[in-house]
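Engineer: My questions all concern the structure below.
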Amino acid sequence: MDIKEIQNLIKFVSKSEVAEVNLKLKDFEIKIKNIGGQTVSYAPQQVIPAQMPMAPQAAPAAPVAPAADKPAAEEDNSKYITVKSPMIGTFYRASGPGKDPFVSVGDNVSPGSVLCIVEAMKLFNEIESEVSGKIVKILVDDASPIEYDQPLFLVDPS
């Protein structure tokens, strides 16, 4: 089905008294709803599972030389504790613009120390340390969007 056929279908639904049209073809689905004179249409894209493995396989094949360095870096990070995000939101290192960050590389933290703020749905949530140790690395840039369970800090517990 091409774009002209979809546009004609939308025009037909908007002129008729049909409330909703669902059209399923083998590679996509389109739903058109006629809501009080307004026609709303959307066509959710279907992800074909065969396409997903292609991208991850192509990416690791490119860096051949740095692969020898990666295991050494992973071994070094294995002795550190990773502090992960408990929620989706925006990561902030300080309580406001121009203010000092809560923690920097080299700072010692203890359980209950505020590490950062994650803004989620206009609420600012303080993320506290659950371990004591020294901040080795900050893995996220200030004011960056973060995902649930995304690594934020590396802490050396020794």
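Each chain in the structure tokens gets a letter, A, B, ..., in the order shown, and its residues are numbered from 1; ligands are numbered from 1 in order too.
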When you look at A:Gly106 with a cut-off of 12 Å (counting only C-alpha atoms), what residues show up, excluding the ones that are within fewer than 2 positions of it in the same chain? I need them as a PDB file with C-alpha atoms, in the first residue's frame.

Structural biologist:
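Written output follows (selection.pdb):
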```pdb
ATOM      1  CA  VAL A 103      30.364  14.672  44.200  1.00  0.00           C
ATOM      2  CA  SER A 104      33.428  14.749  41.978  1.00  0.00           C
ATOM      3  CA  ASN A 108      34.776   9.894  49.446  1.00  0.00           C
ATOM      4  CA  VAL A 109      31.144   8.908  49.924  1.00  0.00           C
ATOM      5  CA  GLY A 133      34.090   4.397  49.080  1.00  0.00           C
ATOM      6  CA  LYS A 134      35.774   6.767  46.673  1.00  0.00           C
ATOM      7  CA  ILE A 135      34.227   8.058  43.411  1.00  0.00           C
ATOM      8  CA  VAL A 136      36.455   6.727  40.616  1.00  0.00           C
ATOM      9  CA  LYS A 137      34.477   7.749  37.559  1.00  0.00           C
ATOM     10  CA  ILE A 138      31.324   9.658  36.652  1.00  0.00           C
ATOM     11  CA  PHE A 153      29.131   6.225  38.952  1.00  0.00           C
ATOM     12  CA  LEU A 154      31.978   3.830  39.673  1.00  0.00           C
ATOM     13  CA  VAL A 155      32.901   3.638  43.374  1.00  0.00           C
ATOM     14  CA  ASP A 156      36.062   2.053  44.773  1.00  0.00           C
TER      15      ASP A 156
END
```

Engineer: Do you know which residues are at most 12 Å from stretch 80-87 of chain A counting only C-alpha atoms, after dropping those on the same chain fewer than 4 positions away, and could you put them as a PyMOL selection string?

Structural biologist: chain A and resi 73-76+91-92+109+111+114-121+123-140+145-158

Engineer: For the residues in that selection, give me C-alpha atoms as a short mmCIF file (atom, residue, chain, number, x, y, z; two decimals), in the first residue's frame.

Structural biologist:
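The result, written out as result27.cif:
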```cif
data_model
loop_
_atom_site.label_atom_id
_atom_site.label_comp_id
_atom_site.auth_asym_id
_atom_site.auth_seq_id
_atom_site.Cartn_x
_atom_site.Cartn_y
_atom_site.Cartn_z
CA ALA A 73 39.46 -2.09 31.15
CA GLU A 74 36.59 -4.42 32.10
CA GLU A 75 38.84 -6.23 34.60
CA ASP A 76 39.79 -2.92 36.20
CA PHE A 91 20.75 13.43 35.42
CA TYR A 92 22.06 16.50 37.27
CA VAL A 109 31.14 8.91 49.92
CA PRO A 111 25.82 5.48 52.72
CA VAL A 114 23.77 12.53 47.94
CA LEU A 115 25.45 11.67 44.63
CA CYS A 116 23.20 13.44 42.12
CA ILE A 117 19.64 14.44 41.27
CA VAL A 118 17.40 12.71 38.74
CA GLU A 119 14.51 14.80 37.46
CA ALA A 120 11.51 12.69 36.55
CA MET A 121 8.13 14.21 35.70
CA LEU A 123 10.13 16.00 40.46
CA PHE A 124 13.75 16.21 41.60
CA ASN A 125 14.86 12.97 43.26
CA GLU A 126 18.10 12.86 45.23
CA ILE A 127 20.07 9.71 44.54
CA GLU A 128 21.96 8.63 47.63
CA SER A 129 24.93 6.32 47.92
CA GLU A 130 24.27 2.87 49.31
CA VAL A 131 27.98 2.11 49.73
CA SER A 132 31.02 3.80 51.16
CA GLY A 133 34.09 4.40 49.08
CA LYS A 134 35.77 6.77 46.67
CA ILE A 135 34.23 8.06 43.41
CA VAL A 136 36.45 6.73 40.62
CA LYS A 137 34.48 7.75 37.56
CA ILE A 138 31.32 9.66 36.65
CA LEU A 139 29.77 7.87 33.68
CA VAL A 140 27.09 10.40 32.67
CA PRO A 145 18.75 11.89 29.80
CA ILE A 146 19.24 8.55 31.55
CA GLU A 147 17.47 5.20 31.55
CA TYR A 148 16.45 2.87 34.36
CA ASP A 149 19.40 0.80 35.62
CA GLN A 150 21.92 2.87 33.62
CA PRO A 151 25.37 3.03 35.29
CA LEU A 152 26.02 6.51 36.75
CA PHE A 153 29.13 6.23 38.95
CA LEU A 154 31.98 3.83 39.67
CA VAL A 155 32.90 3.64 43.37
CA ASP A 156 36.06 2.05 44.77
CA PRO A 157 34.96 0.40 48.02
CA SER A 158 38.51 -0.06 49.38
#
```

Engineer: Hey, can you check how far atom CA of A:Glu17 sits from atom CA of A:Glu5?

Structural biologist: 19.3 Å

Engineer: Taking only C-alpha atoms into account, name the residue in A:Gln7, A:Asn22, A:Ser78, A:Ser144 that is nearest to A:Arg93.

Structural biologist: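 For A:Arg93, the nearest of the given residues is A:Ser144.
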
Engineer: Any idea what the distance is between atom CA of A:Lys33 and atom CA of A:Val21?

Structural biologist: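 Calculated distance between atom CA of A:Lys33 and atom CA of A:Val21 is 6.4 Å.
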